[in-house]
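Novice: Input file: work.tsv. Contents: TSV, C-alpha atoms and all ligand atoms.
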```tsv
chain	number	residue	atom	x	y	z
A	1	MET	CA	-7.64	-20.08	12.64
A	2	PRO	CA	-9.77	-17.63	14.62
A	3	GLY	CA	-12.11	-15.10	13.05
A	4	PRO	CA	-11.02	-11.74	11.72
A	5	ASP	CA	-11.85	-9.85	14.90
A	6	ASP	CA	-9.75	-12.02	17.14
A	7	ALA	CA	-7.26	-9.65	18.74
A	8	SER	CA	-4.80	-12.44	19.48
A	9	VAL	CA	-3.99	-13.18	15.82
A	10	ARG	CA	-0.85	-11.74	14.24
A	11	ASN	CA	0.59	-12.04	10.75
A	12	LEU	CA	4.20	-13.15	10.67
A	13	GLY	CA	4.99	-12.95	6.99
A	14	ALA	CA	2.78	-15.46	5.23
A	15	VAL	CA	1.97	-17.20	8.49
A	16	GLN	CA	-0.76	-16.32	10.98
A	17	VAL	CA	-0.17	-17.12	14.63
A	18	ARG	CA	-2.17	-16.79	17.79
A	19	VAL	CA	-0.35	-14.94	20.54
A	20	GLU	CA	-1.26	-14.23	24.12
A	21	GLU	CA	-3.61	-11.27	24.42
A	22	GLY	CA	-1.55	-8.08	24.84
A	23	ALA	CA	1.74	-9.77	23.94
A	24	GLU	CA	4.16	-7.64	21.96
A	25	VAL	CA	5.03	-9.02	18.54
A	26	ILE	CA	7.94	-7.22	16.95
A	27	PRO	CA	7.39	-6.79	13.22
A	28	SER	CA	10.18	-7.81	10.84
A	29	ASP	CA	10.52	-4.29	9.43
A	30	ARG	CA	11.35	-2.98	12.90
A	31	ARG	CA	13.96	-5.66	13.48
A	32	LEU	CA	15.57	-4.89	10.13
A	33	LEU	CA	15.65	-1.14	10.72
A	34	GLU	CA	16.78	-1.30	14.33
A	35	TRP	CA	20.18	0.33	14.96
A	36	ILE	CA	22.58	-1.90	16.81
A	37	ASP	CA	25.59	-0.25	18.39
A	38	PRO	CA	28.68	-1.80	16.73
A	39	ARG	CA	30.68	-0.93	19.87
A	40	ASP	CA	28.68	-3.46	21.81
A	41	PRO	CA	30.43	-6.72	20.81
A	42	GLN	CA	27.60	-8.99	21.83
A	43	ARG	CA	24.95	-7.11	19.90
A	44	ALA	CA	27.24	-6.54	16.90
A	45	ALA	CA	27.82	-10.28	16.55
A	46	GLN	CA	24.10	-10.85	16.74
A	47	ARG	CA	23.50	-8.26	14.01
A	48	MET	CA	26.02	-9.84	11.61
A	49	ILE	CA	24.25	-13.13	11.79
A	50	LYS	CA	20.72	-11.87	11.80
A	51	ASP	CA	20.99	-9.17	9.14
A	52	SER	CA	22.80	-11.34	6.65
A	53	TRP	CA	20.36	-14.23	7.00
A	54	ARG	CA	17.48	-11.84	6.85
A	55	VAL	CA	18.43	-11.13	3.24
A	56	LEU	CA	17.28	-14.63	2.32
A	57	ARG	CA	13.93	-14.01	3.91
A	58	ILE	CA	13.62	-10.76	1.98
A	59	GLN	CA	14.58	-12.58	-1.19
A	60	SER	CA	11.97	-15.24	-0.55
A	61	GLU	CA	9.33	-12.59	-0.04
A	62	PHE	CA	10.16	-11.11	-3.46
A	63	VAL	CA	10.01	-14.57	-5.02
A	64	SER	CA	6.61	-15.37	-3.48
A	65	GLY	CA	5.25	-11.99	-4.55
A	66	PHE	CA	6.47	-12.30	-8.13
A	67	ASP	CA	5.14	-15.86	-8.34
A	68	ALA	CA	1.72	-15.00	-6.95
A	69	LEU	CA	1.20	-11.92	-9.09
A	70	GLU	CA	2.83	-12.74	-12.41
A	71	ASN	CA	-0.50	-13.46	-14.10
A	72	VAL	CA	-2.18	-10.23	-13.06
A	73	ALA	CA	-3.29	-8.51	-16.25
A	74	GLU	CA	-4.25	-4.83	-16.17
A	75	ALA	CA	-4.53	-3.57	-12.62
A	76	VAL	CA	-4.89	-0.39	-10.62
A	77	THR	CA	-3.52	0.07	-7.12
A	78	VAL	CA	-5.76	2.00	-4.75
A	79	PHE	CA	-4.57	3.62	-1.51
A	80	GLY	CA	-6.49	5.38	1.23
A	81	SER	CA	-7.37	5.48	4.89
A	82	ALA	CA	-7.45	2.26	6.90
A	83	ARG	CA	-9.89	3.93	9.30
A	84	ILE	CA	-13.03	4.76	7.36
A	85	LYS	CA	-16.08	2.73	8.28
A	86	GLU	CA	-18.72	0.86	6.38
A	87	ARG	CA	-21.87	2.82	5.47
A	88	THR	CA	-20.04	6.15	5.18
A	89	PRO	CA	-19.82	8.22	1.96
A	90	GLU	CA	-16.04	7.62	1.88
A	91	TYR	CA	-16.54	3.86	2.02
A	92	GLU	CA	-19.13	4.00	-0.75
A	93	THR	CA	-16.81	6.11	-2.94
A	94	ALA	CA	-14.06	3.52	-2.61
A	95	ARG	CA	-16.50	0.68	-3.28
A	96	ASP	CA	-17.81	2.47	-6.35
A	97	LEU	CA	-14.24	2.99	-7.55
A	98	GLY	CA	-13.53	-0.74	-7.26
A	99	ARG	CA	-16.72	-1.50	-9.15
A	100	ARG	CA	-16.00	0.96	-11.95
A	101	LEU	CA	-12.43	-0.24	-12.39
A	102	ALA	CA	-13.73	-3.79	-12.57
A	103	HIS	CA	-16.24	-2.84	-15.27
A	104	GLU	CA	-13.36	-1.43	-17.33
A	105	GLY	CA	-11.50	-4.72	-17.04
A	106	PHE	CA	-9.00	-3.78	-14.33
A	107	ALA	CA	-8.04	-5.89	-11.36
A	108	VAL	CA	-7.62	-3.87	-8.18
A	109	ILE	CA	-4.72	-4.06	-5.77
A	110	THR	CA	-4.93	-2.66	-2.23
A	111	GLY	CA	-3.17	-3.04	1.08
A	112	GLY	CA	-5.71	-5.76	1.91
A	113	GLY	CA	-6.76	-4.19	5.21
A	114	PRO	CA	-9.85	-2.32	6.44
A	115	GLY	CA	-11.33	1.05	5.39
A	116	VAL	CA	-10.66	2.19	1.84
A	117	MET	CA	-8.81	-1.06	1.14
A	118	GLU	CA	-11.78	-3.17	2.13
A	119	ALA	CA	-14.29	-0.99	0.27
A	120	THR	CA	-12.28	-1.00	-2.96
A	121	ASN	CA	-11.70	-4.75	-2.81
A	122	ARG	CA	-15.39	-5.20	-2.11
A	123	GLY	CA	-16.52	-3.17	-5.11
A	124	ALA	CA	-14.17	-5.05	-7.43
A	125	TYR	CA	-15.11	-8.42	-5.96
A	126	GLU	CA	-18.83	-7.73	-6.26
A	127	ALA	CA	-18.30	-6.78	-9.92
A	128	GLY	CA	-16.49	-10.06	-10.56
A	129	ALA	CA	-12.96	-8.72	-11.02
A	130	GLU	CA	-9.72	-9.94	-9.58
A	131	SER	CA	-9.40	-8.29	-6.17
A	132	ILE	CA	-5.93	-8.41	-4.65
A	133	GLY	CA	-4.90	-7.58	-1.10
A	134	LEU	CA	-1.25	-7.13	-0.20
A	135	ASN	CA	-1.26	-7.13	3.57
A	136	ILE	CA	1.56	-6.16	5.90
A	137	GLU	CA	2.76	-7.44	9.24
A	138	LEU	CA	2.04	-4.78	11.86
A	139	PRO	CA	2.72	-4.72	15.60
A	140	PHE	CA	-0.98	-4.73	16.38
A	141	GLU	CA	-3.92	-6.91	15.48
A	142	GLN	CA	-4.29	-7.22	11.76
A	143	HIS	CA	-6.48	-9.09	9.34
A	144	ALA	CA	-7.13	-9.28	5.63
A	145	ASN	CA	-10.49	-8.00	4.53
A	146	PRO	CA	-12.78	-10.74	3.20
A	147	TRP	CA	-13.29	-9.22	-0.26
A	148	VAL	CA	-10.15	-10.50	-1.91
A	149	THR	CA	-9.60	-13.17	-4.52
A	150	LEU	CA	-5.90	-13.22	-3.72
A	151	ASN	CA	-4.31	-12.18	-0.44
A	152	MET	CA	-0.64	-12.05	0.48
A	153	ASN	CA	0.98	-11.11	3.76
A	154	PHE	CA	4.30	-9.31	3.61
A	155	ARG	CA	6.86	-8.82	6.33
A	156	TYR	CA	8.63	-5.89	4.69
A	157	PHE	CA	7.08	-2.64	3.57
A	158	PHE	CA	9.58	-2.14	0.76
A	159	VAL	CA	8.92	-5.56	-0.79
A	160	ARG	CA	5.18	-4.94	-0.66
A	161	LYS	CA	5.64	-1.51	-2.23
A	162	THR	CA	7.48	-3.05	-5.16
A	163	MET	CA	4.43	-5.23	-5.82
A	164	PHE	CA	2.06	-2.25	-5.64
A	165	VAL	CA	3.96	-0.59	-8.46
A	166	LYS	CA	5.14	-3.51	-10.56
A	167	TYR	CA	1.72	-5.04	-11.08
A	168	ALA	CA	-0.32	-1.86	-11.64
A	169	GLN	CA	-0.73	0.59	-14.49
A	170	ALA	CA	-2.01	3.45	-12.32
A	171	PHE	CA	-2.44	4.59	-8.73
A	172	VAL	CA	-5.51	6.12	-7.16
A	173	CYS	CA	-5.39	7.76	-3.73
A	174	LEU	CA	-8.47	8.42	-1.69
A	175	PRO	CA	-8.20	10.53	1.46
A	176	GLY	CA	-5.94	8.97	4.07
A	177	GLY	CA	-3.24	9.51	6.66
A	178	PHE	CA	0.50	8.90	6.86
A	179	GLY	CA	0.30	5.52	5.14
A	180	THR	CA	-1.53	6.96	2.16
A	181	LEU	CA	0.81	9.96	1.93
A	182	ASP	CA	3.84	7.69	2.07
A	183	GLU	CA	2.45	5.59	-0.79
A	184	LEU	CA	1.50	8.68	-2.79
A	185	PHE	CA	4.91	10.32	-2.51
A	186	GLU	CA	6.73	7.10	-3.27
A	187	ALA	CA	4.69	6.80	-6.48
A	188	LEU	CA	5.25	10.44	-7.34
A	189	THR	CA	9.01	10.12	-6.90
A	190	LEU	CA	9.11	7.03	-9.12
A	191	VAL	CA	7.21	8.84	-11.87
A	192	GLN	CA	9.16	12.09	-11.45
A	193	THR	CA	12.48	10.25	-11.77
A	194	LYS	CA	11.12	8.20	-14.69
A	195	LYS	CA	11.60	4.91	-12.90
A	196	VAL	CA	8.09	4.14	-14.03
A	197	LEU	CA	6.59	5.54	-17.20
A	198	GLN	CA	3.04	6.41	-18.24
A	199	PHE	CA	1.65	5.90	-14.81
A	200	PRO	CA	-1.26	8.15	-13.92
A	201	ILE	CA	-1.61	9.12	-10.27
A	202	VAL	CA	-5.13	10.20	-9.48
A	203	LEU	CA	-6.26	11.84	-6.25
A	204	ILE	CA	-9.97	11.72	-5.54
A	205	GLY	CA	-11.38	14.58	-3.42
A	206	THR	CA	-10.45	18.16	-4.31
A	207	GLU	CA	-11.42	19.46	-0.87
A	208	PHE	CA	-9.14	16.97	0.87
A	209	TRP	CA	-6.19	17.07	-1.54
A	210	GLY	CA	-6.46	20.67	-2.75
A	211	PRO	CA	-4.56	22.31	0.16
A	212	LEU	CA	-1.71	19.81	-0.19
A	213	VAL	CA	-1.47	20.37	-3.94
A	214	ASP	CA	-1.58	24.15	-3.38
A	215	TRP	CA	1.32	23.84	-0.92
A	216	LEU	CA	3.29	21.71	-3.37
A	217	ARG	CA	2.77	24.39	-5.99
A	218	THR	CA	3.42	27.49	-3.92
A	219	THR	CA	6.16	26.20	-1.64
A	220	LEU	CA	7.91	23.33	-3.41
A	221	GLU	CA	7.61	24.67	-6.93
A	222	GLY	CA	7.85	28.29	-5.72
A	223	GLU	CA	11.14	27.59	-3.98
A	224	GLY	CA	12.54	25.51	-6.83
A	225	MET	CA	12.42	22.19	-4.96
A	226	ILE	CA	10.51	20.59	-7.80
A	227	SER	CA	10.42	21.47	-11.49
A	228	PRO	CA	7.60	23.34	-13.17
A	229	GLY	CA	5.38	20.61	-14.56
A	230	ASP	CA	6.05	18.11	-11.78
A	231	ILE	CA	2.71	19.02	-10.23
A	232	ASP	CA	1.01	17.98	-13.45
A	233	LEU	CA	1.92	14.38	-12.60
A	234	LEU	CA	-1.03	14.53	-10.21
A	235	HIS	CA	-4.62	14.42	-11.44
A	236	VAL	CA	-6.99	15.78	-8.82
A	237	VAL	CA	-10.66	14.95	-9.39
A	238	ASP	CA	-13.88	14.74	-7.44
A	239	THR	CA	-15.56	11.64	-8.78
A	240	THR	CA	-14.71	8.00	-9.34
A	241	GLU	CA	-16.04	8.41	-12.87
A	242	GLU	CA	-13.41	11.07	-13.68
A	243	ALA	CA	-10.68	9.00	-12.05
A	244	VAL	CA	-11.51	5.91	-14.08
A	245	ALA	CA	-11.76	7.94	-17.31
A	246	ILE	CA	-8.18	9.22	-16.81
A	247	ILE	CA	-6.91	5.71	-16.19
A	248	VAL	CA	-8.73	4.20	-19.15
A	249	LYS	CA	-7.46	6.95	-21.47
A	250	ALA	CA	-3.86	6.41	-20.35
A	251	ALA	CA	-4.13	2.63	-20.58
A	252	ARG	CA	-5.61	2.65	-24.09
A	253	ARG	CA	-3.03	5.11	-25.48
B	1	LIG	C1	-4.97	1.24	11.58
B	1	LIG	C2	-5.93	0.20	11.12
B	1	LIG	C3	-5.57	-0.90	10.42
B	1	LIG	C4	-4.19	-1.15	9.90
B	1	LIG	N1	-4.19	-2.10	8.84
B	1	LIG	C5	-3.60	-1.98	7.65
B	1	LIG	N2	-3.58	-3.05	6.86
B	1	LIG	C6	-3.03	-2.99	5.64
B	1	LIG	N3	-2.47	-1.87	5.11
B	1	LIG	C7	-2.46	-0.78	5.89
B	1	LIG	C8	-3.00	-0.77	7.19
B	1	LIG	N4	-2.83	0.45	7.71
B	1	LIG	C9	-2.22	1.20	6.77
B	1	LIG	N5	-2.01	0.48	5.65
B	1	LIG	C10	-1.39	0.97	4.38
B	1	LIG	O1	-1.30	2.40	4.40
B	1	LIG	C11	-2.43	2.99	3.74
B	1	LIG	C12	-3.42	3.55	4.72
B	1	LIG	O2	-2.75	4.21	5.77
B	1	LIG	P1	-3.44	5.50	6.45
B	1	LIG	O3	-2.41	5.95	7.43
B	1	LIG	O4	-4.70	5.03	7.08
B	1	LIG	O5	-3.63	6.47	5.34
B	1	LIG	C13	-3.11	1.90	2.93
B	1	LIG	O6	-3.18	2.26	1.55
B	1	LIG	C14	-2.27	0.65	3.17
B	1	LIG	O7	-1.50	0.28	2.08
B	1	LIG	C15	-7.37	0.49	11.42
B	1	LIG	O8	-7.93	-0.42	12.29
```
Could you take the file, read its structure, and then write that structure out as structure tokens?
Specialist:
Amino acid sequence: MPGPDDASVRNLGAVQVRVEEGAEVIPSDRRLLEWIDPRDPQRAAQRMIKDSWRVLRIQSEFVSGFDALENVAEAVTVFGSARIKERTPEYETARDLGRRLAHEGFAVITGGGPGVMEATNRGAYEAGAESIGLNIELPFEQHANPWVTLNMNFRYFFVRKTMFVKYAQAFVCLPGGFGTLDELFEALTLVQTKKVLQFPIVLIGTEFWGPLVDWLRTTLEGEGMISPGDIDLLHVVDTTEEAVAIIVKAARR
């Protein structure tokens, strides 16, 4: 298989394929979520067949994930921007986080891609810990970072998200974009609704996260959209040291 920078490589579930440069590869998530007009008989028939069989593929993705990860001991899932570059302070923070978590005996789980994911996996790997990447099929060029001891490629976001939660005892979010916010709010909702218990969610970077947390407090809490105390589910800190201390304390309770 070509090297990681080869733009013609795409992940299709667990499989990597080479496609023609510039070719469009439709990710499985998009096919699943596509609306098909039931009034169009041809397309409706196609949907009945495809959607029902797709369930088996989804099932198999759950089975592979559970099988691959069942022996993961204590682990922390780390989210954050896919776009930060090596040799930046953000990259070094994520790398240091991976290292510190490893020293406390945690495996790390990330989205397996570049940026914060790569840096966190790298720190954990360098410190000799289990370093897990749960990659996702995307419509553009995609590769796993090289700092993983276990990598999986998922077709479906929701299956992958199950693995992020099921095999971790805490979440840490470093600054990021839509992907990171999506993962953060999914985790928050699970904790708020007590679907998962005793699960610290730590945000590193008060300058980055502070305005969001202020808005949650003034607008969401202020207007009664969340309960008083819900905000306390978030721990906002500035250093990896503080983040790891919160996680260790919760884990050893
Ligand atoms: C856009 C770039 C790479 C995309 N590759 C990704 N690989 C794996 N996981 C990803 C990728 N992009 C986003 N994610 C997930 O979302 C979070 C980061 O998203 P954000 O929008 O950058 O905050 C991350 O935690 C992943 O789980 C760059 O070339």
Novice: Ranking A:Asn11, A:Thr240, A:Thr88, A:Gln59 by minimum distance to ligand LIG 1 (chain B) and counting only C-alpha atoms and all ligand atoms, which one comes first?
Specialist: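 Among A:Asn11, A:Thr240, A:Thr88, A:Gln59, it is A:Asn11 that comes nearest to ligand LIG 1 (chain B).
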Novice: Write out, as JSON lines, each residue of range 133-217 of chain A that has an atom at most 8 Å from range 26-33 of chain A, together with the closest pair of atoms and their distance in Å to one decimal, counting only C-alpha atoms, rows going by chain and rising number.
Specialist:
```
{"residue": "A:Glu137", "atom": "CA", "partner": "A:Pro27", "partner_atom": "CA", "distance": 6.1}
{"residue": "A:Leu138", "atom": "CA", "partner": "A:Pro27", "partner_atom": "CA", "distance": 5.9}
{"residue": "A:Pro139", "atom": "CA", "partner": "A:Pro27", "partner_atom": "CA", "distance": 5.6}
{"residue": "A:Arg155", "atom": "CA", "partner": "A:Ser28", "partner_atom": "CA", "distance": 5.7}
{"residue": "A:Tyr156", "atom": "CA", "partner": "A:Asp29", "partner_atom": "CA", "distance": 5.3}
{"residue": "A:Phe157", "atom": "CA", "partner": "A:Asp29", "partner_atom": "CA", "distance": 7.0}
```
Novice: Name all residues at most 12 Å from Gly210 in chain A (count all atoms listed in the file; drop same-chain ones fewer than 5 positions away) and give them as a PDB file with C-alpha atoms, keeping the file's coordinate frame.
Specialist:
```
ATOM      1  CA  PRO A 175      -8.200  10.530   1.460  1.00  0.00           C
ATOM      2  CA  LEU A 203      -6.260  11.840  -6.250  1.00  0.00           C
ATOM      3  CA  ILE A 204      -9.970  11.720  -5.540  1.00  0.00           C
ATOM      4  CA  GLY A 205     -11.380  14.580  -3.420  1.00  0.00           C
ATOM      5  CA  TRP A 215       1.320  23.840  -0.920  1.00  0.00           C
ATOM      6  CA  LEU A 216       3.290  21.710  -3.370  1.00  0.00           C
ATOM      7  CA  ARG A 217       2.770  24.390  -5.990  1.00  0.00           C
ATOM      8  CA  ILE A 231       2.710  19.020 -10.230  1.00  0.00           C
ATOM      9  CA  LEU A 234      -1.030  14.530 -10.210  1.00  0.00           C
ATOM     10  CA  HIS A 235      -4.620  14.420 -11.440  1.00  0.00           C
ATOM     11  CA  VAL A 236      -6.990  15.780  -8.820  1.00  0.00           C
ATOM     12  CA  VAL A 237     -10.660  14.950  -9.390  1.00  0.00           C
ATOM     13  CA  ASP A 238     -13.880  14.740  -7.440  1.00  0.00           C
TER      14      ASP A 238
END
```
Novice: Please provide the set of residues having any atom within 6 Å of range 17-25 of chain A, restricted to only C-alpha atoms, with same-chain residues fewer than 4 positions apart removed, written as JSON, numbers by chain.
Specialist: {"A": [8, 9, 10, 139]}
Novice: Which residues form the shell of 10 Å around ligand LIG 1 (chain B) when you count all atoms listed in the file, given as JSON, numbers by chain?
Specialist: {"A": [77, 78, 79, 80, 81, 82, 83, 84, 85, 109, 110, 111, 112, 113, 114, 115, 116, 117, 118, 133, 134, 135, 136, 137, 138, 139, 140, 141, 142, 143, 144, 145, 153, 154, 157, 160, 161, 164, 172, 173, 174, 175, 176, 177, 178, 179, 180, 181, 182, 183, 184]}
Novice: So the first atom is CA of Leu188 in chain A and the second is CA of Thr149 in chain A; what is the distance between them in Å, to one decimal place?
Specialist: 28.0 Å
Novice: Just checking: using all atoms listed in the file, which residue out of A:His103, A:Gly123, A:Asp96, A:Glu221 ends up closest to Thr239 in chain A?
Specialist: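 Among the listed residues, the smallest separation from Thr239 in chain A belongs to A:Asp96.
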Novice: Residues at most 8 Å from Glu241 in chain A, counting all atoms listed in the file, excluding those fewer than 2 positions away in the same chain, as JSON, numbers by chain?
Specialist: {"A": [97, 100, 239, 243, 244, 245]}
Novice: So which one's closest to Asp67 in chain A, A:Met163, A:Met225, A:Ala107, A:Val248? Using all atoms listed in the file, please.
Specialist: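 Closest residue, counting all atoms listed in the file: A:Met163.
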Novice: Figure out the distance between CA of Pro228 in chain A and CA of Ile247 in chain A, please, to one decimal in Å.
Specialist: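 Between CA of Ile247 in chain A and CA of Pro228 in chain A the gap works out to 23.0 Å.
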Novice: Once you count all atoms listed in the file, which residues end up no further than 9 Å from (-3.4, -5.9, -17.9) in the file's frame, shown as a PDB file with C-alpha atoms, in the coordinates of the input?
Specialist:
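Heads up, here's the output in result.pdb:
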```pdb
ATOM      1  CA  ASN A  71      -0.500 -13.460 -14.100  1.00  0.00           C
ATOM      2  CA  VAL A  72      -2.180 -10.230 -13.060  1.00  0.00           C
ATOM      3  CA  ALA A  73      -3.290  -8.510 -16.250  1.00  0.00           C
ATOM      4  CA  GLU A  74      -4.250  -4.830 -16.170  1.00  0.00           C
ATOM      5  CA  ALA A  75      -4.530  -3.570 -12.620  1.00  0.00           C
ATOM      6  CA  GLY A 105     -11.500  -4.720 -17.040  1.00  0.00           C
ATOM      7  CA  PHE A 106      -9.000  -3.780 -14.330  1.00  0.00           C
ATOM      8  CA  ALA A 107      -8.040  -5.890 -11.360  1.00  0.00           C
ATOM      9  CA  TYR A 167       1.720  -5.040 -11.080  1.00  0.00           C
ATOM     10  CA  ALA A 168      -0.320  -1.860 -11.640  1.00  0.00           C
ATOM     11  CA  GLN A 169      -0.730   0.590 -14.490  1.00  0.00           C
ATOM     12  CA  ALA A 251      -4.130   2.630 -20.580  1.00  0.00           C
TER      13      ALA A 251
END
```
Novice: Ranking A:Thr162, A:Thr206, A:Gln192, A:Gln42 by minimum distance to Val63 in chain A and counting only C-alpha atoms, which one comes first?
Specialist: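 Closest to Val63 in chain A of all the choices is A:Thr162.
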Novice: What is the distance between CA of Ile201 in chain A and CA of Phe171 in chain A, in Å to one decimal?
Specialist: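 Result for CA of Ile201 in chain A versus CA of Phe171 in chain A: 4.9 Å, one decimal.
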